[in-house]
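Undergrad: Following this line is final_21.json, made up of JSON, C-alpha atoms:
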```json
[["chain", "number", "residue", "atom", "x", "y", "z"],
["A", 9, "MET", "CA", -24.06, 66.34, -85.69],
["A", 10, "THR", "CA", -23.54, 63.98, -82.74],
["A", 11, "LYS", "CA", -24.24, 60.97, -84.98],
["A", 12, "ILE", "CA", -21.39, 62.04, -87.24],
["A", 13, "LYS", "CA", -19.06, 62.38, -84.26],
["A", 14, "ILE", "CA", -20.02, 58.93, -82.99],
["A", 15, "ALA", "CA", -19.46, 57.44, -86.47],
["A", 16, "LEU", "CA", -16.02, 59.05, -86.74],
["A", 17, "ILE", "CA", -14.71, 57.57, -83.47],
["A", 18, "PRO", "CA", -14.03, 54.07, -84.95],
["A", 19, "VAL", "CA", -12.47, 55.61, -88.06],
["A", 20, "VAL", "CA", -10.09, 57.74, -86.01],
["A", 21, "PHE", "CA", -9.28, 54.72, -83.84],
["A", 22, "ILE", "CA", -8.41, 52.55, -86.87],
["A", 23, "ILE", "CA", -6.29, 55.30, -88.42],
["A", 24, "ALA", "CA", -4.46, 55.73, -85.10],
["A", 25, "LEU", "CA", -3.74, 51.98, -84.93],
["A", 26, "LEU", "CA", -2.44, 51.97, -88.51],
["A", 27, "ALA", "CA", -0.24, 54.99, -87.80],
["A", 28, "LEU", "CA", 1.11, 53.28, -84.68],
["A", 29, "MET", "CA", 1.85, 50.11, -86.67],
["A", 30, "VAL", "CA", 3.72, 52.10, -89.31],
["A", 31, "TRP", "CA", 5.60, 54.14, -86.69],
["A", 32, "GLN", "CA", 6.77, 51.05, -84.80],
["A", 33, "ASN", "CA", 7.86, 49.32, -88.03],
["A", 34, "ILE", "CA", 9.21, 52.35, -89.88],
["A", 35, "ASP", "CA", 12.40, 50.51, -90.90],
["A", 36, "TYR", "CA", 10.43, 47.83, -92.74],
["A", 37, "PHE", "CA", 8.02, 50.27, -94.40],
["A", 38, "MET", "CA", 10.83, 52.53, -95.64],
["A", 39, "THR", "CA", 12.83, 49.66, -97.14],
["A", 40, "LYS", "CA", 12.78, 49.83, -100.92],
["A", 41, "GLN", "CA", 12.08, 46.70, -102.94],
["A", 42, "ALA", "CA", 11.45, 45.99, -106.58],
["A", 43, "LEU", "CA", 8.24, 44.16, -107.35],
["A", 44, "THR", "CA", 8.26, 41.47, -110.04],
["A", 45, "LEU", "CA", 5.03, 40.06, -111.45],
["A", 46, "ASN", "CA", 5.43, 36.85, -113.46],
["A", 47, "PHE", "CA", 2.36, 35.86, -115.51],
["A", 48, "LYS", "CA", 4.08, 32.96, -117.40],
["A", 49, "PHE", "CA", 3.63, 34.80, -120.70],
["A", 50, "LYS", "CA", 4.91, 38.23, -119.58],
["A", 51, "VAL", "CA", 7.07, 39.42, -116.71],
["A", 52, "TYR", "CA", 6.54, 42.87, -115.25],
["A", 53, "THR", "CA", 9.09, 44.56, -113.01],
["A", 54, "ILE", "CA", 8.11, 47.62, -111.03],
["A", 55, "PRO", "CA", 11.03, 49.85, -109.97],
["A", 56, "GLU", "CA", 12.17, 49.94, -106.36],
["A", 57, "THR", "CA", 9.57, 51.59, -104.18],
["A", 58, "ALA", "CA", 9.11, 51.80, -100.42],
["A", 59, "ASN", "CA", 7.05, 49.02, -98.87],
["A", 60, "LEU", "CA", 4.75, 51.68, -97.41],
["A", 61, "ILE", "CA", 3.60, 52.56, -100.95],
["A", 62, "TYR", "CA", 2.79, 48.91, -101.72],
["A", 63, "TRP", "CA", 0.89, 48.52, -98.45],
["A", 64, "SER", "CA", -1.01, 51.76, -99.08],
["A", 65, "ILE", "CA", -2.00, 50.65, -102.57],
["A", 66, "CYS", "CA", -3.24, 47.29, -101.23],
["A", 67, "PHE", "CA", -5.13, 48.95, -98.37],
["A", 68, "PHE", "CA", -6.94, 51.48, -100.58],
["A", 69, "THR", "CA", -7.66, 48.87, -103.26],
["A", 70, "GLY", "CA", -9.30, 46.68, -100.61],
["A", 71, "PHE", "CA", -11.22, 49.68, -99.28],
["A", 72, "LEU", "CA", -12.52, 50.55, -102.76],
["A", 73, "LEU", "CA", -13.45, 46.92, -103.50],
["A", 74, "SER", "CA", -15.45, 46.64, -100.29],
["A", 75, "TYR", "CA", -17.11, 50.01, -100.97],
["A", 76, "PHE", "CA", -18.24, 49.02, -104.46],
["A", 77, "ALA", "CA", -19.28, 45.54, -103.30],
["A", 78, "SER", "CA", -21.64, 47.08, -100.75],
["A", 79, "LEU", "CA", -22.93, 49.74, -103.15],
["A", 80, "ALA", "CA", -25.63, 47.49, -104.68],
["A", 81, "PHE", "CA", -26.84, 46.51, -101.21],
["A", 82, "ARG", "CA", -27.11, 50.16, -100.18],
["A", 83, "PHE", "CA", -29.10, 51.05, -103.32],
["A", 84, "LYS", "CA", -31.51, 48.16, -102.68],
["A", 85, "THR", "CA", -31.91, 49.21, -99.07],
["A", 86, "GLN", "CA", -32.53, 52.81, -100.05],
["A", 87, "LYS", "CA", -35.17, 51.73, -102.58],
["A", 88, "LYS", "CA", -36.85, 49.53, -99.98],
["A", 89, "LEU", "CA", -36.92, 52.42, -97.50],
["A", 90, "LYS", "CA", -38.56, 54.69, -100.07],
["A", 91, "LEU", "CA", -41.21, 52.05, -100.81],
["A", 92, "GLN", "CA", -41.90, 51.58, -97.11],
["A", 93, "ALA", "CA", -42.18, 55.33, -96.59],
["A", 94, "GLN", "CA", -44.68, 55.50, -99.47],
["A", 95, "THR", "CA", -46.66, 52.61, -97.95],
["A", 96, "ILE", "CA", -46.75, 54.38, -94.58],
["A", 97, "LYS", "CA", -47.93, 57.56, -96.29],
["A", 98, "ASN", "CA", -50.71, 55.64, -98.07],
["A", 99, "TYR", "CA", -51.79, 54.00, -94.80],
["A", 100, "ARG", "CA", -51.89, 57.34, -93.04],
["A", 101, "GLU", "CA", -54.03, 58.81, -95.83],
["A", 102, "THR", "CA", -56.39, 55.82, -95.53],
["A", 103, "VAL", "CA", -56.62, 56.27, -91.75],
["A", 104, "ASP", "CA", -57.34, 59.99, -92.18],
["A", 105, "ASP", "CA", -60.05, 59.22, -94.75],
["A", 106, "LEU", "CA", -61.62, 56.66, -92.41],
["A", 107, "LYS", "CA", -61.52, 59.12, -89.49],
["A", 108, "ASN", "CA", -63.27, 61.73, -91.64],
["A", 109, "GLU", "CA", -65.88, 59.18, -92.65],
["A", 110, "VAL", "CA", -66.49, 58.21, -89.00],
["A", 111, "ASP", "CA", -66.82, 61.88, -88.08],
["A", 112, "LYS", "CA", -69.37, 62.38, -90.87],
["A", 113, "ILE", "CA", -71.35, 59.34, -89.71],
["A", 114, "LYS", "CA", -71.30, 60.58, -86.12],
["A", 115, "ALA", "CA", -72.39, 64.05, -87.24],
["A", 116, "SER", "CA", -75.23, 62.68, -89.37],
["A", 117, "ALA", "CA", -76.35, 60.36, -86.56],
["A", 118, "TYR", "CA", -76.31, 63.28, -84.12],
["A", 119, "SER", "CA", -78.28, 65.50, -86.49],
["A", 120, "THR", "CA", -80.89, 62.80, -87.22],
["A", 121, "GLU", "CA", -81.20, 62.15, -83.47],
["A", 122, "ASN", "CA", -81.88, 65.83, -82.83],
["A", 123, "THR", "CA", -84.36, 66.11, -85.70],
["A", 124, "SER", "CA", -86.24, 63.02, -84.51],
["A", 125, "LYS", "CA", -86.48, 64.48, -80.98],
["A", 126, "ASP", "CA", -87.72, 67.75, -82.46],
["A", 127, "ALA", "CA", -90.26, 65.84, -84.51],
["A", 128, "GLU", "CA", -91.51, 63.99, -81.43],
["A", 129, "ILE", "CA", -91.90, 67.21, -79.52],
["A", 130, "THR", "CA", -93.87, 68.92, -82.30],
["A", 131, "SER", "CA", -96.00, 65.86, -83.06],
["A", 132, "LYS", "CA", -97.37, 65.58, -79.54],
["A", 133, "GLU", "CA", -100.69, 67.27, -79.05],
["A", 134, "PRO", "CA", -100.78, 70.04, -76.56],
["A", 135, "VAL", "CA", -102.00, 68.98, -73.18],
["A", 136, "GLN", "CA", -105.16, 70.73, -72.06],
["A", 137, "SER", "CA", -105.20, 71.86, -68.55],
["A", 138, "VAL", "CA", -108.41, 71.59, -66.50]]
```
Take the structure I supplied and represent it as structure tokens, if you would.
TA:
Amino acid sequence: MTKIKIALIPVVFIIALLALMVWQNIDYFMTKQALTLNFKFKVYTIPETANLIYWSICFFTGFLLSYFASLAFRFKTQKKLKLQAQTIKNYRETVDDLKNEVDKIKASAYSTENTSKDAEITSKEPVQSV
């Protein structure tokens, strides 16, 4: 939850700066202007609208363009993270298997050491006392 709060601080700061900019220039943003687009072969005229609407459209269009431009990068990164997590999982399984194998070798070496000592003890002839 704290990570979300920390991530929201810059967003709130940017929104506050934009609101301050609009508030200080409210006369400009509320002025209505007609927009004319001339493409040489066709001329489009958009009815009079407040400048704030035009600025908002440009801002959100830029936001959406940057979001979709970074989308492919985020998918690649997410795929890479999944592959690395799978690799880590495989390495951990290998380490666990090797630890089990070492434990088995130690156990077998310990048991053969004990059986060889037992064999030495039983193979010695009893000492006769005089």
Undergrad: Could you give me, as a list in words, the residues that sit within 12 Å of (12.8, 54.3, -96.0) in the file's coordinates, counting only C-alpha atoms?
TA: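 These residues have at least one counted atom within 12 Å: Val30, Trp31, Asn33, Ile34, Asp35, Tyr36, Phe37, Met38, Thr39, Lys40, Gln41, Glu56, Thr57, Ala58, Asn59, Leu60 and Ile61 of chain A.
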Undergrad: What is the CA of Trp63 in chain A to CA of Leu26 in chain A distance in Å?
TA: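 It comes out at 11.0 Å.
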Undergrad: In Å to one decimal, how far is CA of Leu91 in chain A from CA of Ala15 in chain A?
TA: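 One can read the CA of Ala15 in chain A to CA of Leu91 in chain A distance as 26.6 Å.
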Undergrad: Quote the spacing between CA of Phe68 in chain A and CA of Phe49 in chain A in Å to one decimal place.
TA: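 Atom-to-atom, CA of Phe68 in chain A to CA of Phe49 in chain A, that is 28.2 Å.
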